[in-house]
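Structure record follows, encoded as structure tokens.
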Amino acid sequence: MRRISIFGATGSVGANGVDLIRHAGGPAAYHVVALTGGRNIARLARMARELQAEIAVTAHEELLDDLRAALEGSGVEAAAGEAALMEAAGRPADWVLSAIVGAAGLAPGLAALSQGGVLALANKESLVCAGALLRRTGKAAGTTILPVDSEHSALFQALGAENLDSVKDVTITASGGAFRDWPLERLAAATVAQASTHPNWAMGQRITIDSASMFNKAMEVIEAKEFFGLGPDRIKVLVHPESIIHAMVTHHDGGSIAHLGAPDMRHAIGYALHWPTRRPLPVPALDLAALGALTFRAPDEVRWPALRLAREVMAAGGAAGAVFNAAKEQALDDFIAGRVRFTDMAPRVEAVLADLSAEGDFGADPDSLEAVLHWDRRARRKAAA
Ligand code: NDP
């Protein structure tokens, strides 16, 4: 029986993963090794009971008693804290969904890769902070990293077995998020609640706000560079308000192959779950006649300065990705807590990049988790409001 684990099971991507496991036969079809969560103990315990997981882990040690109580009599082991997450990630599994939000997902992802399981990667922060390290770890363990981000899954599917030499460039689309059509002068007053609504996708709060600021797309451009080994000049962003075309590969012969689908993460997660085969998924097929029209526009870098910052980060190389992500996470924490305005986030991240590069360059690609975390901590300290 195939052994699977889901890190960040209680979140938006994780819960979609659980839904797919349920749809594909649940505990009768899969041996669920580990499910992990954060503060949502009731949801974690419910999932672990239903899927008869070996172990359920909360990231928060102070919630261990609550988790134990919620799992009483179920036969599911309960554990808590960082060390417990790492122990669970080291348990042999054939397929691991990495769906923790933020740089916190990197260490368990690396541990899961090291034990040799296929890593289905939603946690884009891992590739932005430590792309080379992640790839090297996967290679050493003889295993595969599969994209779960919808645009990267779309590129992976559109590329198929194509030789990258035949590819002129790739395009990832962006809905434009909550403030796509707002007058620029209103953005400074945008509230957390307004930034936390997405026109098309149902996602966690952090990625939803990152969609409004386009930090999410900036991260995805870097993720595409790391995942596919394409130079920054071959990765384009296109605003596509309907979120139906997720990505497109354009060849030197002028032909383009696009991937289309409803904005439903269960497609990308399910594709990674069943790869290299395709199985029916509980995802509605597109009705293009009902949609009528698809629209596109060029991204406006005055509205979304994060896109320019992504190019600067890729040009700087080394630890710039780890610094960018950490500064962005800190700026987002501060926006959510009401300490800075929506429009303060990008200048703050830019200032951290400038300050840390003025203190010395970003060096070579970080070659260990400790090296990544060193840059992460420095950037967070600089970015704190
Ligand atoms: P959510 O906020 O919905 O879920 C995050 C998950 O991580 C939850 O299980 C949460 O636990 C857990 N968690 C939070 N903080 C920590 C921590 N410090 N240590 C361990 N676990 C933690 O996020 P999403 O599902 O939206 O996103 C997850 C990842 O997938 C992100 O990297 C995101 O960029 C990426 N992604 C998401 C998409 C989406 O559709 N949502 C699409 C493509 C990529 P709890 O909730 O119990 O506190």
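All residue names refer to the structure tokens as shown: chains lettered A, B, ... in order, residues numbered from 1 in each chain, ligands numbered from 1 in order.
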
Can you pull out the residues contacting segment 280-287 of chain A? Cut-off 10 Å, using only C-alpha atoms, and skip same-chain residues under 5 positions away; I want them as a compact mmCIF listing (two decimals) with C-alpha atoms, in the first residue's frame.
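around.txt, written as the output of this step:
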```txt
# COMPACT_ATOMS: atom_id res chain seq x y z
CA ASP A 19 -10.10 15.46 0.24
CA LEU A 20 -8.31 13.79 -2.69
CA HIS A 23 -11.89 10.51 -2.88
CA ALA A 24 -9.27 7.95 -3.92
CA ILE A 244 -8.38 29.69 -16.56
CA LEU A 260 -6.23 25.34 -18.92
CA GLY A 261 -8.41 24.35 -16.01
CA ALA A 262 -10.86 25.59 -13.42
CA PRO A 263 -9.21 27.50 -10.55
CA ASP A 264 -9.32 24.47 -8.23
CA MET A 265 -6.14 23.32 -6.48
CA ARG A 266 -7.36 19.73 -6.46
CA HIS A 267 -6.27 19.44 -10.08
CA ILE A 269 -2.49 18.31 -6.12
CA GLY A 270 -4.28 15.32 -7.70
CA TYR A 271 -1.98 15.39 -10.73
CA HIS A 274 -1.25 10.16 -9.23
CA GLY A 292 -17.34 33.09 -23.43
```

### Query
Leaving out Trp275 of chain A and any residue of its chain fewer than 6 positions from it, which residues lie within 12 Å of it when counting only C-alpha atoms, given as a VMD selection string?
chain A and resid 95 118 to 120 144 to 148 153 156 to 157 267 to 269

### Task
Could you give me the residues within 7 Å of ligand 1, counting only C-alpha atoms and all ligand atoms, as a PyMOL selection string?
chain A and resi 7-14+36-41+59+99-102+104-105+122-125+148-150+201-207+265

Just C-alpha atoms for this one: save the residues we selected as a tab-separated table (two decimals), in the first residue's frame.
```
chain	number	residue	atom	x	y	z
A	7	PHE	CA	2.57	18.48	6.13
A	8	GLY	CA	0.21	21.40	6.69
A	9	ALA	CA	-2.84	19.12	6.40
A	10	THR	CA	-5.13	21.59	8.19
A	11	GLY	CA	-4.50	24.39	5.69
A	12	SER	CA	-6.12	25.17	2.37
A	13	VAL	CA	-3.81	23.01	0.20
A	14	GLY	CA	-3.51	20.32	2.88
A	36	THR	CA	0.62	17.75	10.60
A	37	GLY	CA	-0.97	21.06	11.45
A	38	GLY	CA	-0.54	24.15	13.56
A	39	ARG	CA	-3.27	25.63	15.72
A	40	ASN	CA	-6.30	23.89	14.27
A	41	ILE	CA	-6.26	20.88	16.58
A	59	ALA	CA	3.83	22.49	15.36
A	99	ALA	CA	1.89	22.34	2.35
A	100	ILE	CA	3.08	24.21	5.41
A	101	VAL	CA	3.00	27.95	4.79
A	102	GLY	CA	6.23	29.97	4.93
A	104	ALA	CA	8.80	26.84	8.29
A	105	GLY	CA	8.05	24.30	5.55
A	122	ALA	CA	3.19	23.44	-2.60
A	123	ASN	CA	5.54	25.28	-0.24
A	124	LYS	CA	7.08	27.61	-2.82
A	125	GLU	CA	9.08	29.32	-0.08
A	148	VAL	CA	1.91	21.58	-6.81
A	149	ASP	CA	1.63	25.32	-7.35
A	150	SER	CA	-0.98	25.47	-10.12
A	201	TRP	CA	-9.11	31.12	-5.77
A	202	ALA	CA	-10.01	29.97	-2.23
A	203	MET	CA	-6.64	29.95	-0.44
A	204	GLY	CA	-5.00	30.63	2.91
A	205	GLN	CA	-4.90	34.25	4.08
A	206	ARG	CA	-1.17	34.79	3.55
A	207	ILE	CA	-1.04	33.69	-0.09
A	265	MET	CA	-6.14	23.32	-6.48
```

### Task
Quick one: everything within 10 Å of Ser211 of chain A, counting only C-alpha atoms, minus sequence neighbours fewer than 3 positions away in the same chain. Send it as JSON, numbers by chain.
{"A": [174, 175, 176, 177, 178, 179, 180, 195, 196, 197, 198, 201, 205, 206, 207, 208, 214, 215, 216, 217, 218, 304]}

Excluding Lys328 of chain A and residues on its chain fewer than 2 positions from it, collect all residues at most 9 Å away from it, counting only C-alpha atoms, and give them as a PDB file with all heavy atoms, in the first residue's frame.
```pdb
ATOM      1  N   PHE A 215       3.386  39.669  -4.520  1.00  0.00           N
ATOM      2  CA  PHE A 215       4.546  38.968  -3.975  1.00  0.00           C
ATOM      3  C   PHE A 215       4.429  37.482  -4.294  1.00  0.00           C
ATOM      4  O   PHE A 215       5.429  36.790  -4.485  1.00  0.00           O
ATOM      5  CB  PHE A 215       4.660  39.180  -2.461  1.00  0.00           C
ATOM      6  CG  PHE A 215       5.527  40.360  -2.111  1.00  0.00           C
ATOM      7  CD1 PHE A 215       4.996  41.492  -1.519  1.00  0.00           C
ATOM      8  CD2 PHE A 215       6.890  40.325  -2.392  1.00  0.00           C
ATOM      9  CE1 PHE A 215       5.799  42.576  -1.217  1.00  0.00           C
ATOM     10  CE2 PHE A 215       7.701  41.404  -2.098  1.00  0.00           C
ATOM     11  CZ  PHE A 215       7.163  42.531  -1.505  1.00  0.00           C
ATOM     12  N   VAL A 323      16.595  35.911   1.658  1.00  0.00           N
ATOM     13  CA  VAL A 323      16.405  37.255   2.232  1.00  0.00           C
ATOM     14  C   VAL A 323      15.069  37.832   1.757  1.00  0.00           C
ATOM     15  O   VAL A 323      14.283  38.371   2.547  1.00  0.00           O
ATOM     16  CB  VAL A 323      17.579  38.177   1.824  1.00  0.00           C
ATOM     17  CG1 VAL A 323      17.288  39.636   2.161  1.00  0.00           C
ATOM     18  CG2 VAL A 323      18.864  37.703   2.499  1.00  0.00           C
ATOM     19  N   PHE A 324      14.806  37.700   0.480  1.00  0.00           N
ATOM     20  CA  PHE A 324      13.555  38.216  -0.102  1.00  0.00           C
ATOM     21  C   PHE A 324      12.350  37.582   0.595  1.00  0.00           C
ATOM     22  O   PHE A 324      11.432  38.273   1.043  1.00  0.00           O
ATOM     23  CB  PHE A 324      13.552  37.870  -1.591  1.00  0.00           C
ATOM     24  CG  PHE A 324      12.318  38.279  -2.353  1.00  0.00           C
ATOM     25  CD1 PHE A 324      11.988  39.611  -2.519  1.00  0.00           C
ATOM     26  CD2 PHE A 324      11.488  37.315  -2.924  1.00  0.00           C
ATOM     27  CE1 PHE A 324      10.859  39.996  -3.237  1.00  0.00           C
ATOM     28  CE2 PHE A 324      10.360  37.684  -3.645  1.00  0.00           C
ATOM     29  CZ  PHE A 324      10.048  39.027  -3.801  1.00  0.00           C
ATOM     30  N   ASN A 325      12.381  36.259   0.717  1.00  0.00           N
ATOM     31  CA  ASN A 325      11.236  35.581   1.323  1.00  0.00           C
ATOM     32  C   ASN A 325      11.046  35.995   2.783  1.00  0.00           C
ATOM     33  O   ASN A 325       9.930  36.286   3.221  1.00  0.00           O
ATOM     34  CB  ASN A 325      11.394  34.060   1.237  1.00  0.00           C
ATOM     35  CG  ASN A 325      10.235  33.362   1.920  1.00  0.00           C
ATOM     36  OD1 ASN A 325       9.098  33.450   1.461  1.00  0.00           O
ATOM     37  ND2 ASN A 325      10.488  32.738   3.056  1.00  0.00           N
ATOM     38  N   ALA A 326      12.145  36.025   3.542  1.00  0.00           N
ATOM     39  CA  ALA A 326      12.022  36.339   4.967  1.00  0.00           C
ATOM     40  C   ALA A 326      11.546  37.777   5.161  1.00  0.00           C
ATOM     41  O   ALA A 326      10.687  38.050   6.010  1.00  0.00           O
ATOM     42  CB  ALA A 326      13.367  36.129   5.660  1.00  0.00           C
ATOM     43  N   GLN A 330       8.052  38.873   6.975  1.00  0.00           N
ATOM     44  CA  GLN A 330       8.004  39.817   8.092  1.00  0.00           C
ATOM     45  C   GLN A 330       7.102  41.009   7.738  1.00  0.00           C
ATOM     46  O   GLN A 330       6.284  41.448   8.554  1.00  0.00           O
ATOM     47  CB  GLN A 330       9.419  40.300   8.428  1.00  0.00           C
ATOM     48  CG  GLN A 330       9.474  41.235   9.620  1.00  0.00           C
ATOM     49  CD  GLN A 330       9.021  40.574  10.919  1.00  0.00           C
ATOM     50  OE1 GLN A 330       9.510  39.519  11.272  1.00  0.00           O
ATOM     51  NE2 GLN A 330       8.058  41.192  11.608  1.00  0.00           N
ATOM     52  N   ALA A 331       7.250  41.525   6.521  1.00  0.00           N
ATOM     53  CA  ALA A 331       6.424  42.671   6.111  1.00  0.00           C
ATOM     54  C   ALA A 331       4.939  42.274   6.114  1.00  0.00           C
ATOM     55  O   ALA A 331       4.070  43.060   6.515  1.00  0.00           O
ATOM     56  CB  ALA A 331       6.849  43.146   4.723  1.00  0.00           C
ATOM     57  N   LEU A 332       4.666  41.043   5.708  1.00  0.00           N
ATOM     58  CA  LEU A 332       3.275  40.562   5.699  1.00  0.00           C
ATOM     59  C   LEU A 332       2.744  40.427   7.130  1.00  0.00           C
ATOM     60  O   LEU A 332       1.607  40.828   7.415  1.00  0.00           O
ATOM     61  CB  LEU A 332       3.220  39.225   4.947  1.00  0.00           C
ATOM     62  CG  LEU A 332       1.865  38.546   4.824  1.00  0.00           C
ATOM     63  CD1 LEU A 332       0.848  39.446   4.145  1.00  0.00           C
ATOM     64  CD2 LEU A 332       2.016  37.242   4.022  1.00  0.00           C
ATOM     65  N   ASP A 333       3.572  39.867   8.033  1.00  0.00           N
ATOM     66  CA  ASP A 333       3.166  39.802   9.453  1.00  0.00           C
ATOM     67  C   ASP A 333       2.800  41.200   9.939  1.00  0.00           C
ATOM     68  O   ASP A 333       1.798  41.387  10.640  1.00  0.00           O
ATOM     69  CB  ASP A 333       4.332  39.307  10.334  1.00  0.00           C
ATOM     70  CG  ASP A 333       4.581  37.813  10.206  1.00  0.00           C
ATOM     71  OD1 ASP A 333       3.703  37.103   9.687  1.00  0.00           O
ATOM     72  OD2 ASP A 333       5.667  37.365  10.629  1.00  0.00           O
ATOM     73  N   MET A 345       4.804  47.428   2.183  1.00  0.00           N
ATOM     74  CA  MET A 345       5.474  46.119   2.184  1.00  0.00           C
ATOM     75  C   MET A 345       6.616  46.053   1.159  1.00  0.00           C
ATOM     76  O   MET A 345       7.737  45.658   1.501  1.00  0.00           O
ATOM     77  CB  MET A 345       4.459  44.996   1.956  1.00  0.00           C
ATOM     78  CG  MET A 345       3.561  44.768   3.159  1.00  0.00           C
ATOM     79  SD  MET A 345       2.570  43.250   3.019  1.00  0.00           S
ATOM     80  CE  MET A 345       1.335  43.742   1.836  1.00  0.00           C
ATOM     81  N   ALA A 346       6.336  46.422  -0.087  1.00  0.00           N
ATOM     82  CA  ALA A 346       7.373  46.272  -1.121  1.00  0.00           C
ATOM     83  C   ALA A 346       8.596  47.161  -0.832  1.00  0.00           C
ATOM     84  O   ALA A 346       9.740  46.681  -0.914  1.00  0.00           O
ATOM     85  CB  ALA A 346       6.795  46.544  -2.509  1.00  0.00           C
ATOM     86  N   ARG A 348       9.698  48.114   1.960  1.00  0.00           N
ATOM     87  CA  ARG A 348      10.402  47.532   3.113  1.00  0.00           C
ATOM     88  C   ARG A 348      11.282  46.355   2.672  1.00  0.00           C
ATOM     89  O   ARG A 348      12.428  46.227   3.053  1.00  0.00           O
ATOM     90  CB  ARG A 348       9.354  47.059   4.129  1.00  0.00           C
ATOM     91  CG  ARG A 348       9.898  46.743   5.479  1.00  0.00           C
ATOM     92  CD  ARG A 348       8.728  46.580   6.437  1.00  0.00           C
ATOM     93  NE  ARG A 348       8.132  47.866   6.739  1.00  0.00           N
ATOM     94  CZ  ARG A 348       8.411  48.561   7.837  1.00  0.00           C
ATOM     95  NH1 ARG A 348       9.272  48.082   8.698  1.00  0.00           N
ATOM     96  NH2 ARG A 348       7.843  49.718   8.058  1.00  0.00           N
ATOM     97  N   VAL A 349      10.714  45.498   1.815  1.00  0.00           N
ATOM     98  CA  VAL A 349      11.478  44.344   1.319  1.00  0.00           C
ATOM     99  C   VAL A 349      12.659  44.836   0.483  1.00  0.00           C
ATOM    100  O   VAL A 349      13.787  44.342   0.607  1.00  0.00           O
ATOM    101  CB  VAL A 349      10.560  43.408   0.495  1.00  0.00           C
ATOM    102  CG1 VAL A 349      11.376  42.306  -0.174  1.00  0.00           C
ATOM    103  CG2 VAL A 349       9.473  42.807   1.392  1.00  0.00           C
ATOM    104  N   ARG A 380      14.767  38.956   8.663  1.00  0.00           N
ATOM    105  CA  ARG A 380      13.590  39.261   9.497  1.00  0.00           C
ATOM    106  C   ARG A 380      13.903  40.383  10.482  1.00  0.00           C
ATOM    107  O   ARG A 380      13.074  41.251  10.735  1.00  0.00           O
ATOM    108  CB  ARG A 380      13.126  38.004  10.259  1.00  0.00           C
ATOM    109  CG  ARG A 380      12.275  37.087   9.403  1.00  0.00           C
ATOM    110  CD  ARG A 380      11.882  35.809  10.135  1.00  0.00           C
ATOM    111  NE  ARG A 380      11.736  34.763   9.149  1.00  0.00           N
ATOM    112  CZ  ARG A 380      10.568  34.386   8.605  1.00  0.00           C
ATOM    113  NH1 ARG A 380       9.448  34.935   8.989  1.00  0.00           N
ATOM    114  NH2 ARG A 380      10.536  33.447   7.686  1.00  0.00           N
ATOM    115  N   ALA A 383      13.838  43.612   8.683  1.00  0.00           N
ATOM    116  CA  ALA A 383      12.527  43.998   8.133  1.00  0.00           C
ATOM    117  C   ALA A 383      11.526  44.392   9.211  1.00  0.00           C
ATOM    118  O   ALA A 383      10.519  45.032   8.906  1.00  0.00           O
ATOM    119  CB  ALA A 383      11.959  42.832   7.314  1.00  0.00           C
TER     120      ALA A 383
END
```

#### Entry: Pick from A:Asp376, A:Glu50, A:Glu301, A:Glu72, whichever lies nearest to Ala320 of chain A using only C-alpha atoms
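Ranking A:Asp376, A:Glu50, A:Glu301, A:Glu72 by distance to Ala320 of chain A, first place goes to A:Asp376.
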
### Query
Nearest to Phe227 of chain A: which of A:Ala132, A:Asn200, A:Ser213, A:Ser256 is it, counting only C-alpha atoms?
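Using only C-alpha atoms, Phe227 of chain A sits closest to A:Ala132.
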
### Query
Could you state the separation of atom CA of Ser126 of chain A and atom CA of His31 of chain A in Å, given to one decimal place?
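Here the two named atoms are 25.9 Å from each other.
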
### Task
May I have the residues within 8 Å of segment 231-242 of chain A as a PyMOL selection string, using only C-alpha atoms and disregarding those fewer than 6 positions away in the same chain?
chain A and resi 168-176+200+217+221-222+224-225+294-299+311+314

### Query
Would you give me, as number ranges by chain, the residues in segment 148-322 of chain A that DSSP reads as strand (DSSP E)?
A: 167-174, 235-239, 245-251, 256-260

### Query
Quick one: DSSP alpha helix (DSSP H) residues in segment 193-335 of chain A, as a count of residues only?
67

### Task
Write out as a PyMOL selection string the residues lying within 8 Å of Ala45 of chain A, counting only C-alpha atoms and excluding same-chain residues fewer than 5 positions away.
chain A and resi 56+67+70-71

### Task
May I ask which of the residues A:Ala112, A:Ala322, A:Ala289, A:Leu159 is the closest one to Ala364 of chain A, counting only C-alpha atoms?
A:Ala322

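Taking atom CA of Arg43 of chain A and atom CA of Ala69 of chain A as the two end points, the separation is 13.1 Å.
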
### Query
Of the candidates A:Glu329, A:Glu87, A:Asp181, A:Asp344, which shows the shortest atom-to-atom distance to Asp300 of chain A, using only C-alpha atoms?
A:Asp181

### Query
Residues at most 7 Å from Ile6 of chain A, counting only C-alpha atoms, excluding those fewer than 4 positions away in the same chain, as a ChimeraX atom specification?
/A:14,34-36,96-98

### Query
So what do you get for atom CA of Gly117 of chain A versus atom CA of Asp94 of chain A, distance-wise?
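Distance reported for this atom pair: 4.5 Å.
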